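Asks: Can you read through this structure? Questions will come right after.
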Amino acid sequence: MTTTAAAAARKPATMAQALTRALHDAMAEDPSVHLMGEDVGTLGGVFRVTDGLAKEFGEDRCSDTPLAEAGILGTAVGMAMYGLRPVVEMQFDAFAYPAFEQLISHVSRMRNRTRGALAMPLTIRIPYGGGIGGVEHHSDSSEAYYLATPGLQIVTPATVADAYGLLRAAIASDDPVVFLEPKRLYWSKDDWSPDAPAQVAPIGRAEIRRRGTTATLITYGPSLPVCLEAAEAARAEGWDLEVLDLRSLMPFDDETVCASVRRTGRAVVVHESAGFGGPGGEIAARITERCFHHLEAPVLRVAGFDIPYPPPMLERHHLPGVDRILDTVARLQWESDWTEGRGE
Amino acid sequence: MTVLEQPGSSRHTSALPGPPPDWRPRVDPAPLLPDAEPYRLLGTDAARGLDAGLLKRLYAELVRGRRYNTQATALTRQGRLAVYPSSTGQEACQVAAALALEDRDWLFPSYRDTLAAVARGLDPVQALTLLRGDWHTGYDPHEHRIAPLCTPLATQLPHAVGLAHAARLKGDDVVALALVGDGGTSEGDFHEALNFAAVWQAPVVFLVQNNGFAISVPLAKQTAAPSLAHKAVGYGMPGRLVDGNDTPALHEVLTEAVRRARRGGGPTLIEAVTYRIEAHTNADDATRYRTDAEVETWRAHDPIALMERELTARGLLTDEFAAATRDGAERLAADLRERMNQDPVLDPMDLFTHVYAQKTSQLRDQAAQLRAELDAEQLPAQEARP
């Protein structure tokens with residue numbers, strides 16, 4: 001390899017590129033992995049996540065389908081019944097809704113219905129969330145709907161390394177995975193590069209992204225960078241915030257969440273989707289049930305407003321931002337001195 | 001200036017460039033169109049050429065199927081079956097569908113199609129597991145290549161397409177046959193399945209059992225299409241219209257469609273015109289939406305009676321064969337009665353076993369909770385023992 005090529009390979013990759021690499025590696029390793037969806041073939045996906053895969057693996061393995069989400073997911077069910085591992089793309093969050101019947105009536109419960117005789121090893125890739133100026137139906141955070149459906153795994157990466165590692169794990173999983181891709185992080189970069197050793201990230205394990213002592217920000221997907229920024233800004237107030245990235249909403253990592261909250265005594269859940277009926281309510285309830293005697297304040301939530309996703313010109317008022325997070329942290333009503341810290 | 005003199009009006013269009021070649025139809029629709037009348041064999045000259053062995057086999061399966069239907073209905077009255085959607089009157093469709101397939105093919109039944117599964121070789125008790133209120137699917141779908149009975153309408157059709165497509169990708173000459181009712185053709189999944197099947201040229205056959213009613217709604221309120229078989233043309237596949245009570249006609253049309261699919265000829269939509277003699281289920285009152293006179297007309301066109309006429313005319317319905325057929329059907333009914341009278345033993349802990357390949361920590365906690373509740377239920381009985 002020439003020096004130039006090596007330097008190019010070491011160049012940090014975007015999250016979208018890491019996802020492409022994950023799909024590529026999974027297809028190369030396992031001939032039963034098939035990609036399907038609207039525009040995933042020749043175009044390489046509207047976000048270019050499947051770029052080049054049809055060319056390399058053929059149109060049978062990376063295939064453009066008719067524009068019909070129920071049909072895409074429904075045929076993927078049949079393909080999985082015959083031993084393939086389909087990876088379907090829903091293009092945009094709100095475009096997945098026509099496929100809900102297949103998802104809820106079949107994908108999520110086929111294993112259960114057949115006492116384990118028919119597994120559904122399929123991955124449903126759904127770009128989700130706002131912040132990219134998308135018009136209506138292009139910015140929904142629909143995780144609460146999936147979360148209400150037993151039998152599904154719900155995974156969402158917030159880092160480039162996790163985009164690779166979690167997608168590999170999702171494709172390898174014998175159970176269906178709703179793989180939510182935070183589309184506003186598609187072009188984000190961190191220290192992951194394509195020539196780094198490929199690591200699979202386990203589904204169901206949360207990760208502490210920033211150690212802190214005074215409160216835990218519990219978040220996932222597109223809100224992770226916002227929380228990290230808020231944690232940095234909080235230092236000016238003398239607050240040392242811990243930031244926890246759930247990575248997987250189902251299975252839910254009670255252990256890591258509770259351990260963190262027991263250390264800090266305070267928790268704020270941050271997500272883009274509407275607060276009422278959203279994941280934050282469930283997470284707050286779990287923390288209250290398990291850590292009540294460690295809590296020094298009620299568990300608070302910073303969520304999107306309880307409104308249909310707003311037009312792009314107003315979305316910055318809706319999406320949880322640094323200021324709203326810090327205002328909420330301030331509402332935790334401290335009884336003890338922040339600067340004392342909270343020991344581990 | 002009049003309308004005709006305006007630029008862009010018809011007298012000026014000759015100056016415009018012609019439409020692109022894509023405007024031409026991609027497929028000649030004429031060969032895809034179904035015949036005006038349902039295809040029939042029984043009572044026609046062509047029936048004389050039918051194989052005697054096949055006729056006798058179809059007849060025996062019909063008689064067995066009718067007995068299975070009446071026995072299952074009786075079991076609902078005895079409280080042994082939670083619900084039964086009878087296929088009495090539709091046995092020809094059920095039997096022909098099962099017999100048109102090779103062992104390696106797959107059947108995709110709806111909730112009314114337990115008889116098709118039984119005719120394919122599934123244990124009748126296993127076929128009724130869902131309707132009994134026992135665990136949802138009482139069989140391993142891979143064993144007889146029968147997909148789980150599908151309760152939502154038409155959602156199993158895309159599964160059939162996907163399975164058939166996957167089989168072809170793997171180089172296997174497997175065909176999928178999907179069953180759906182007339183009501184199911186109104187669902188979006190019916191449309192998407194047929195569209196995918198035609199675009200992919202998947203080896204799949206769709207059999208619509210048009211039994212006249214979707215619960216209480218008659219076909220005229222379900223569709224404005226000339227026939228349900230006509231819907232095929234819009235997708236680019238052949239539509240066939242068949243007398244759904246004429247077992248040999250159905251068997252021929254289905255076998256031909258399966259053969260065509262296996263050869264790479266793509267999907268077929270078949271509409272079988274039949275009638276649901278019983279109500280939608282034992283919980284339905286059919287007298288509210290149809291007349292006795294209508295039912296009687298269809299009873300006169302009963303699939304078993306039609307076959308008996310043919311067999312008699314050809315001297316095939318000997319006393320010996322009739323008795324053997326009857327005995328076979330009674331044996332099935334007796335076995336079903338006896339085994340359905342035994343209460344199934346269910347393990348409540350199974351509730352958590354198959355939600356995921358591995359239990360989540362949440363499910364482990366809940367399983368422990370249920371275990372404790374079950375143990376507590378056992379305690380008084382144990383304490384009472386000396």
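A note on labels: chains of the structure tokens are A, B, ... as shown, every chain counts residues from 1, and ligands are counted from 1 in their shown order.
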Taking only C-alpha atoms into account, produce a table as a tab-separated table in which each residue of chain B with an atom at most 10 Å from an atom of chain A appears once, together with its shortest atom pair and the distance in Å to one decimal, ordered by chain and rising number.
Replies:
residue	atom	partner	partner_atom	distance
B:Leu130	CA	A:Arg113	CA	9.5
B:Trp135	CA	A:Arg113	CA	7.3
B:His136	CA	A:Arg113	CA	5.1
B:Thr137	CA	A:Thr114	CA	5.1
B:Gly138	CA	A:Thr114	CA	7.4
B:Tyr139	CA	A:Thr114	CA	7.3
B:Asp140	CA	A:Ala117	CA	5.8
B:Pro141	CA	A:Ala117	CA	7.1
B:His142	CA	A:Ala117	CA	7.8
B:Glu143	CA	A:Ala117	CA	9.9
B:Ala147	CA	A:Met81	CA	8.8
B:Pro148	CA	A:Thr114	CA	7.4
B:Cys150	CA	A:His106	CA	9.2
B:Thr151	CA	A:Ser105	CA	9.2
B:Pro152	CA	A:Ser105	CA	7.7
B:Thr155	CA	A:Gln102	CA	7.0
B:Gln156	CA	A:Gly74	CA	7.8
B:Leu157	CA	A:Gly74	CA	8.0
B:Pro158	CA	A:Thr75	CA	4.7
B:His159	CA	A:Gly78	CA	3.9
B:Ala160	CA	A:Gly78	CA	5.9
B:Val161	CA	A:Thr75	CA	5.9
B:Gly162	CA	A:Thr75	CA	3.8
B:Leu163	CA	A:Gly78	CA	4.1
B:Ala164	CA	A:Gly78	CA	7.7
B:His165	CA	A:Met79	CA	7.2
B:Ala166	CA	A:Met79	CA	5.1
B:Ala167	CA	A:Tyr82	CA	6.8
B:Leu169	CA	A:Asp60	CA	7.3
B:Lys170	CA	A:Ser32	CA	9.2
B:Gly188	CA	A:Ala70	CA	8.3
B:Asp189	CA	A:Gly71	CA	6.8
B:Phe190	CA	A:Gly71	CA	9.2
B:His191	CA	A:Gly71	CA	8.8
B:Glu192	CA	A:Gly71	CA	5.2
B:Ala193	CA	A:Gly71	CA	6.1
B:Leu194	CA	A:Gly71	CA	9.4
B:Asn195	CA	A:Pro66	CA	7.8
B:Phe196	CA	A:Pro66	CA	6.7
B:Ala197	CA	A:Thr75	CA	9.4
B:Val199	CA	A:Pro66	CA	7.9
B:Trp200	CA	A:Thr65	CA	8.9
B:Asp350	CA	A:Arg115	CA	8.4
B:Leu351	CA	A:Asn112	CA	8.4
B:Phe352	CA	A:Asn112	CA	8.7
B:Thr353	CA	A:Arg115	CA	7.9
B:His354	CA	A:Asn112	CA	4.6
B:Val355	CA	A:Asn112	CA	5.1
B:Tyr356	CA	A:Gly151	CA	6.1
B:Ala357	CA	A:Asp175	CA	6.6
B:Gln358	CA	A:Asp175	CA	9.3
B:Lys359	CA	A:Pro251	CA	9.2
B:Thr360	CA	A:Pro251	CA	6.0
B:Ser361	CA	A:Pro251	CA	7.8
B:Gln362	CA	A:Phe252	CA	8.0
B:Leu363	CA	A:Pro251	CA	9.7
Asks: Give the helix (DSSP H, G or I) residues of stretch 87-149 of chain A, as DSSP finds them on the backbone, and put them as a ChimeraX atom specification.
Replies: /A:93-107,110-113,143-147
